[in-house]
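Structure data (compact mmCIF, C-alpha atoms and all ligand atoms) from final23.txt:
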# COMPACT_ATOMS: atom_id res chain seq x y z
CA MET A 1 24.03 -10.56 -7.32
CA LEU A 2 21.22 -10.93 -4.80
CA ASP A 3 23.73 -11.74 -2.09
CA GLY A 4 25.67 -8.53 -2.58
CA LEU A 5 22.50 -6.50 -2.91
CA LEU A 6 21.01 -7.64 0.38
CA ARG A 7 24.16 -8.00 2.45
CA ASP A 8 23.86 -4.68 4.27
CA VAL A 9 20.09 -4.42 4.31
CA ARG A 10 18.72 -3.73 7.79
CA GLY A 11 14.98 -4.21 7.20
CA PHE A 12 12.50 -5.56 4.68
CA MET A 13 9.20 -4.58 3.12
CA PHE A 14 7.12 -7.14 1.28
CA ASP A 15 4.06 -6.87 -0.90
CA VAL A 16 1.40 -9.52 -0.25
CA ASP A 17 -0.56 -10.57 -3.34
CA GLY A 18 1.59 -12.14 -6.03
CA THR A 19 4.62 -11.94 -3.73
CA LEU A 20 4.06 -13.71 -0.40
CA ALA A 21 0.73 -15.21 -1.45
CA HIS A 22 -1.68 -15.92 -4.23
CA ARG A 23 -5.31 -15.15 -3.61
CA GLY A 24 -7.82 -17.90 -4.42
CA PRO A 25 -11.34 -17.31 -5.78
CA ASP A 26 -12.59 -17.47 -2.19
CA GLY A 27 -10.39 -14.51 -1.28
CA ARG A 28 -8.14 -16.60 0.95
CA ALA A 29 -4.39 -16.16 0.68
CA HIS A 30 -2.29 -19.18 -0.25
CA PRO A 31 1.34 -18.78 0.83
CA GLN A 32 3.86 -18.88 -1.99
CA PRO A 33 6.63 -21.50 -1.70
CA GLY A 34 9.19 -20.34 0.84
CA ALA A 35 7.17 -17.29 1.96
CA VAL A 36 6.72 -18.43 5.56
CA ASP A 37 10.38 -19.48 5.87
CA VAL A 38 11.55 -16.16 4.47
CA LEU A 39 9.59 -14.18 7.06
CA GLU A 40 10.78 -16.41 9.86
CA LYS A 41 14.39 -16.25 8.75
CA ILE A 42 14.30 -12.46 8.69
CA ARG A 43 12.77 -12.39 12.17
CA ALA A 44 15.40 -14.82 13.44
CA SER A 45 18.09 -12.45 12.18
CA GLY A 46 16.65 -9.70 14.37
CA ARG A 47 15.81 -7.42 11.48
CA PRO A 48 12.41 -5.71 11.24
CA LEU A 49 9.97 -6.38 8.43
CA ALA A 50 6.77 -4.80 7.16
CA VAL A 51 4.13 -6.01 4.77
CA PHE A 52 2.41 -3.35 2.66
CA THR A 53 -0.75 -4.03 0.71
CA ASN A 54 -2.81 -1.38 -1.05
CA GLY A 55 -6.11 -2.67 0.31
CA SER A 56 -8.16 -0.26 2.40
CA HIS A 57 -11.41 -2.17 2.88
CA VAL A 58 -10.61 -3.36 6.40
CA THR A 59 -8.22 -2.28 9.15
CA SER A 60 -4.61 -3.38 9.03
CA GLU A 61 -5.21 -5.52 12.15
CA ALA A 62 -8.04 -7.37 10.40
CA MET A 63 -5.81 -7.89 7.39
CA ALA A 64 -2.93 -9.23 9.48
CA LYS A 65 -5.31 -11.55 11.33
CA ALA A 66 -6.69 -12.92 8.04
CA LEU A 67 -3.16 -13.54 6.77
CA ARG A 68 -2.26 -15.38 9.98
CA GLU A 69 -5.38 -17.53 9.60
CA ASP A 70 -4.23 -18.33 6.06
CA GLY A 71 -0.84 -19.44 7.37
CA ILE A 72 1.24 -16.30 6.75
CA PRO A 73 2.76 -15.10 10.00
CA VAL A 74 2.32 -11.32 9.90
CA GLN A 75 1.97 -9.38 13.16
CA ASP A 76 -0.47 -6.49 13.51
CA GLU A 77 2.32 -3.95 13.85
CA GLU A 78 4.01 -5.26 10.69
CA MET A 79 0.95 -4.68 8.50
CA LEU A 80 0.77 -1.50 6.47
CA THR A 81 -2.00 -0.19 4.23
CA PRO A 82 -2.79 3.18 2.63
CA VAL A 83 -4.96 3.91 5.66
CA GLU A 84 -1.86 3.83 7.88
CA SER A 85 0.08 6.13 5.58
CA ALA A 86 -2.95 8.42 5.21
CA ILE A 87 -3.23 8.77 8.99
CA THR A 88 0.45 9.65 9.36
CA TYR A 89 0.34 12.00 6.38
CA ILE A 90 -2.81 13.86 7.42
CA ARG A 91 -1.72 14.21 11.04
CA ARG A 92 1.64 15.62 10.03
CA ARG A 93 0.61 17.86 7.15
CA TYR A 94 -2.94 18.84 8.06
CA PRO A 95 -3.27 18.43 11.82
CA ASP A 96 -6.75 18.96 13.28
CA ARG A 97 -8.37 19.51 9.90
CA PRO A 98 -11.73 17.71 9.66
CA ALA A 99 -11.61 15.02 6.98
CA LEU A 100 -14.35 13.99 4.60
CA MET A 101 -13.73 10.27 4.26
CA PHE A 102 -15.06 8.01 1.54
CA ALA A 103 -14.42 4.77 3.38
CA HIS A 104 -16.07 1.90 5.20
CA ASP A 105 -17.31 2.59 8.74
CA VAL A 106 -14.44 0.61 10.30
CA ILE A 107 -11.88 2.70 8.45
CA ARG A 108 -13.58 5.98 9.35
CA ALA A 109 -13.71 4.89 12.98
CA ARG A 110 -10.03 3.94 12.81
CA MET A 111 -9.05 7.35 11.47
CA VAL A 112 -11.15 9.19 14.03
CA ALA A 113 -9.56 7.08 16.79
CA ALA A 114 -6.15 8.05 15.39
CA GLY A 115 -6.98 11.71 15.94
CA ILE A 116 -8.41 12.79 12.60
CA PRO A 117 -11.75 14.56 13.13
CA GLN A 118 -14.54 13.62 10.78
CA ALA A 119 -16.07 16.49 8.78
CA GLU A 120 -19.77 16.77 9.47
CA GLY A 121 -20.99 19.62 7.29
CA GLU A 122 -19.20 21.85 4.85
CA GLU A 123 -16.04 22.33 6.87
CA ALA A 124 -13.88 19.55 5.41
CA GLY A 125 -10.21 20.48 5.24
CA VAL A 126 -9.08 17.15 3.78
CA VAL A 127 -10.76 14.66 1.46
CA PHE A 128 -9.65 11.02 1.65
CA VAL A 129 -10.91 8.25 -0.62
CA ALA A 130 -10.32 4.63 0.43
CA HIS A 131 -11.97 1.42 -0.73
CA ILE A 132 -15.73 1.90 -0.86
CA ASP A 133 -18.74 0.02 -2.11
CA GLU A 134 -21.13 2.95 -2.29
CA ALA A 135 -20.86 6.70 -2.57
CA ASP A 136 -23.36 9.53 -2.35
CA LEU A 137 -23.16 12.15 -5.08
CA LYS A 138 -24.01 14.82 -2.51
CA ASP A 139 -20.93 13.83 -0.52
CA MET A 140 -18.89 14.03 -3.71
CA GLU A 141 -20.22 17.55 -4.26
CA ARG A 142 -19.27 18.49 -0.68
CA ALA A 143 -15.82 17.09 -1.33
CA ALA A 144 -15.49 19.07 -4.55
CA ARG A 145 -16.47 22.28 -2.76
CA ALA A 146 -13.95 21.60 0.01
CA ILE A 147 -11.23 21.00 -2.56
CA THR A 148 -12.12 24.24 -4.32
CA ARG A 149 -11.49 25.93 -0.96
CA GLY A 150 -8.06 24.32 -0.69
CA ALA A 151 -8.56 20.86 0.80
CA PRO A 152 -6.23 18.21 -0.70
CA LEU A 153 -7.71 15.20 -2.51
CA LEU A 154 -6.02 12.11 -1.07
CA THR A 155 -6.57 8.56 -2.20
CA GLY A 156 -5.24 5.20 -1.05
CA SER A 157 -4.79 3.95 -4.57
CA TYR A 158 -5.60 5.37 -7.96
CA ALA A 159 -5.26 2.09 -9.83
CA ARG A 160 -8.19 1.39 -12.14
CA GLY A 161 -8.90 -1.91 -10.49
CA TYR A 162 -7.50 -5.04 -8.98
CA ALA A 163 -7.34 -8.71 -9.93
CA GLY A 164 -10.47 -10.71 -9.19
CA ALA A 165 -11.14 -14.39 -9.80
CA ASN A 166 -12.88 -13.51 -13.09
CA GLY A 167 -10.72 -10.66 -14.32
CA ILE A 168 -10.40 -7.05 -13.24
CA ILE A 169 -12.61 -5.62 -10.51
CA PHE A 170 -12.95 -1.94 -11.25
CA SER A 171 -12.07 0.28 -8.32
CA ARG A 172 -15.03 2.27 -7.05
CA GLY A 173 -12.61 4.37 -5.05
CA ALA A 174 -10.84 5.31 -8.27
CA MET A 175 -14.20 6.16 -9.85
CA VAL A 176 -15.08 8.51 -6.98
CA THR A 177 -11.60 10.04 -6.94
CA ALA A 178 -11.66 10.57 -10.71
CA GLY A 179 -15.12 12.15 -10.54
CA ILE A 180 -14.04 14.65 -7.89
CA ALA A 181 -10.76 15.30 -9.72
CA LYS A 182 -12.61 15.97 -12.95
CA VAL A 183 -14.94 18.65 -11.64
CA THR A 184 -12.31 20.39 -9.50
CA GLY A 185 -9.38 20.10 -11.90
CA VAL A 186 -7.25 18.96 -8.94
CA ARG A 187 -4.80 16.08 -9.25
CA PRO A 188 -5.38 13.36 -6.65
CA ARG A 189 -2.50 12.72 -4.27
CA ILE A 190 -1.85 9.02 -3.69
CA VAL A 191 -0.90 7.95 -0.17
CA GLY A 192 -0.62 4.18 -0.79
CA LYS A 193 1.95 2.46 -3.00
CA PRO A 194 3.76 4.15 -4.71
CA SER A 195 3.98 7.52 -2.98
CA ARG A 196 6.16 9.67 -0.74
CA ALA A 197 3.60 9.19 2.03
CA ALA A 198 3.98 5.41 1.74
CA VAL A 199 7.78 5.64 1.71
CA GLU A 200 7.67 7.69 4.90
CA GLU A 201 5.28 5.24 6.52
CA VAL A 202 7.53 2.28 5.75
CA GLY A 203 10.59 4.04 7.13
CA LYS A 204 8.72 5.09 10.24
CA ARG A 205 7.32 1.62 10.89
CA LEU A 206 10.67 -0.11 10.40
CA GLY A 207 12.51 2.60 12.29
CA LEU A 208 15.08 2.82 9.49
CA PRO A 209 16.06 5.20 6.72
CA THR A 210 14.48 3.66 3.60
CA GLU A 211 17.93 3.57 1.94
CA HIS A 212 18.74 0.71 4.33
CA ILE A 213 15.79 -1.51 3.50
CA ALA A 214 14.89 -3.91 0.72
CA VAL A 215 11.50 -3.73 -0.99
CA ILE A 216 10.26 -7.00 -2.49
CA GLY A 217 7.18 -7.12 -4.70
CA ASP A 218 5.61 -8.42 -7.89
CA ASP A 219 4.40 -5.11 -9.33
CA ALA A 220 7.05 -2.95 -10.98
CA GLY A 221 4.79 0.10 -11.19
CA MET A 222 3.79 -0.13 -7.52
CA ASP A 223 6.29 -2.01 -5.35
CA ILE A 224 9.47 -1.31 -7.26
CA ALA A 225 8.39 2.28 -7.88
CA LEU A 226 7.84 2.68 -4.12
CA GLY A 227 11.24 1.21 -3.33
CA ARG A 228 13.00 3.35 -5.89
CA MET A 229 11.27 6.47 -4.56
CA GLY A 230 12.77 5.82 -1.13
CA GLY A 231 16.21 4.82 -2.39
CA SER A 232 15.68 1.24 -1.18
CA LYS A 233 17.12 -1.94 -2.66
CA THR A 234 14.44 -3.40 -4.92
CA VAL A 235 13.69 -7.01 -5.84
CA LEU A 236 11.01 -7.87 -8.37
CA VAL A 237 9.45 -11.31 -8.03
CA ARG A 238 8.18 -12.95 -11.18
CA SER A 239 5.43 -14.80 -9.32
CA GLY A 240 2.74 -12.21 -9.88
CA ILE A 241 1.54 -9.37 -12.06
CA SER A 242 4.90 -8.53 -13.64
CA GLY A 243 5.66 -12.21 -14.38
CA THR A 244 6.20 -11.79 -18.10
CA ILE A 245 7.04 -8.10 -18.21
CA ASP A 246 9.94 -6.98 -20.41
CA LEU A 247 12.27 -5.17 -18.02
CA ASP A 248 13.88 -3.20 -20.83
CA LYS A 249 10.54 -1.61 -21.61
CA LEU A 250 9.98 -0.38 -18.07
CA PRO A 251 10.51 3.28 -17.28
CA GLU A 252 13.78 3.78 -15.42
CA ARG A 253 12.00 4.57 -12.12
CA HIS A 254 10.24 1.17 -12.19
CA ARG A 255 13.38 -0.91 -12.76
CA PRO A 256 14.40 -3.27 -9.97
CA ASP A 257 17.93 -3.94 -8.74
CA ALA A 258 17.32 -7.68 -8.99
CA VAL A 259 14.73 -10.10 -10.35
CA ILE A 260 13.82 -13.49 -8.90
CA ASP A 261 11.20 -16.09 -9.79
CA GLY A 262 9.79 -16.34 -6.29
CA VAL A 263 10.51 -15.32 -2.70
CA ALA A 264 11.99 -18.77 -1.98
CA GLU A 265 15.15 -17.60 -3.76
CA LEU A 266 15.70 -15.14 -0.91
CA LEU A 267 16.29 -18.02 1.49
CA GLU A 268 19.79 -18.56 0.11
CA VAL A 269 20.89 -15.02 0.86
CA LEU A 270 19.14 -14.14 4.12
MG MG B 301 1.26 -7.61 -5.56

Would you give me this structure, written as structure tokens?
Ligand SMILES: [Mg+2]
Amino acid sequence: MLDGLLRDVRGFMFDVDGTLAHRGPDGRAHPQPGAVDVLEKIRASGRPLAVFTNGSHVTSEAMAKALREDGIPVQDEEMLTPVESAITYIRRRYPDRPALMFAHDVIRARMVAAGIPQAEGEEAGVVFVAHIDEADLKDMERAARAITRGAPLLTGSYARGYAGANGIIFSRGAMVTAGIAKVTGVRPRIVGKPSRAAVEEVGKRLGLPTEHIAVIGDDAGMDIALGRMGGSKTVLVRSGISGTIDLDKLPERHRPDAVIDGVAELLEVL
């Protein structure tokens, strides 16, 4: 089944946590069995690959570097995050609009360097919420006023939290986004997984129509949903968050084309 599914695939997108790696309590990534071989085998076949994680706390280059240090060979240009898709999305849809960014300094600097002007006063034409540790209520009020004037409310991820060593870590970005959404009545637009913006970013980075790629991930509601949105071939790995999920209970748009226990199973068909 997997063989037939992947036979004509021309590029690959992988999730990181729960798919290529498991994260230890120290935050370091531990490669899953076969993960390194899978990436190398794809490269040897001459096909492009991308790795998409929903983190937005550091730049994609810093993330790729950390993965390489942990033994997972991911190149800078293969690493995708919601910040990358936000940059592409804002530049295409809202060129030259000053953005009010709830994000770490490195991310703000990255977006400015990519040609997105930073809003200084009340002139924000876009609001973007990434991973943050602190937020100022006055900035949230400025954001709400900008949104009332027509600025879109973009967020990297609107998940309530992410897995920590001792259970869920609530997302402060989601808290800020929800607060702004509440007072403005505007629905946040996600630019990370799963979203149209993310689909477009993956296709652009791989240089392929997303119908010709395979998306491999452990989260049905994120990775598989992203793949399905772009018409990609989808493979759910049981090594992470959806390990015990009942596929029959998933909404149709979250259902994968194939299910495997771990990425090592891909080695037989690549
Ligand atoms: Mg994952």

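Pairwise distance (CA of Ser60 in chain A, atom MG of ligand MG 301 (chain B)) equals 16.3 Å.
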
Kindly compile the residues surrounding ligand MG 301 (chain B) within 7 Å, counting all atoms listed in the file, and format them as a ChimeraX atom specification. /A:15-19,217-219,240-241

Skipping near chain neighbours, those fewer than 2 positions away, what residues fall within 9 Å of range 184-195 of chain A using all atoms listed in the file, listed as a PyMOL selection string? chain A and resi 52-55+81-86+89+144-145+147-148+152-158+177-182+197-200+221-227+229

I want to know what sits within 12 Å of Leu39 in chain A, based on all atoms listed in the file, with residues of the same chain fewer than 3 positions away left out; could you give that as a PyMOL selection string? chain A and resi 11-14+16+20+31-36+42-51+71-75+78+216+263-264+266-267+270

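Closest to Phe128 in chain A among A:Gly115, A:Ile107, A:Phe102, A:Val202 is A:Phe102, based on only C-alpha atoms.
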
Quick one: everything within 9 Å of range 3-7 of chain A, counting only C-alpha atoms, minus sequence neighbours fewer than 3 positions away in the same chain. Send it as a PDB file with C-alpha atoms, keeping the file's coordinate frame.
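Output contents, as saved in result.pdb:
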ATOM      1  CA  ARG A  10      18.720  -3.730   7.790  1.00  0.00           C
ATOM      2  CA  ILE A 213      15.790  -1.510   3.500  1.00  0.00           C
ATOM      3  CA  ALA A 214      14.890  -3.910   0.720  1.00  0.00           C
ATOM      4  CA  LYS A 233      17.120  -1.940  -2.660  1.00  0.00           C
ATOM      5  CA  THR A 234      14.440  -3.400  -4.920  1.00  0.00           C
ATOM      6  CA  ASP A 257      17.930  -3.940  -8.740  1.00  0.00           C
ATOM      7  CA  ALA A 258      17.320  -7.680  -8.990  1.00  0.00           C
ATOM      8  CA  LEU A 266      15.700 -15.140  -0.910  1.00  0.00           C
ATOM      9  CA  GLU A 268      19.790 -18.560   0.110  1.00  0.00           C
ATOM     10  CA  VAL A 269      20.890 -15.020   0.860  1.00  0.00           C
ATOM     11  CA  LEU A 270      19.140 -14.140   4.120  1.00  0.00           C
TER      12      LEU A 270
END

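Comparing the minimum interatomic distances between Ile245 in chain A and each of A:Glu265, A:Asp133, A:Ala220, A:Ala62, counting all atoms listed in the file, we find that A:Ala220 sits nearest.
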
Need the shell around Arg160 in chain A: protein/DNA/RNA residues with any atom at most 7 Å away, counting all atoms listed in the file. Skip same-chain ones fewer than 5 positions apart. Format as a list in words? Phe170, Ser171 and Ala174 of chain A

Would you put the residues from that selection into a file with C-alpha atoms, as an mmCIF file, in the frame of the given file?
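Contents of result.cif, as written:
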data_model
loop_
_atom_site.group_PDB
_atom_site.id
_atom_site.type_symbol
_atom_site.label_atom_id
_atom_site.label_comp_id
_atom_site.auth_asym_id
_atom_site.auth_seq_id
_atom_site.Cartn_x
_atom_site.Cartn_y
_atom_site.Cartn_z
ATOM 1 C CA PHE A 170 -12.950 -1.940 -11.250
ATOM 2 C CA SER A 171 -12.070 0.280 -8.320
ATOM 3 C CA ALA A 174 -10.840 5.310 -8.270
#
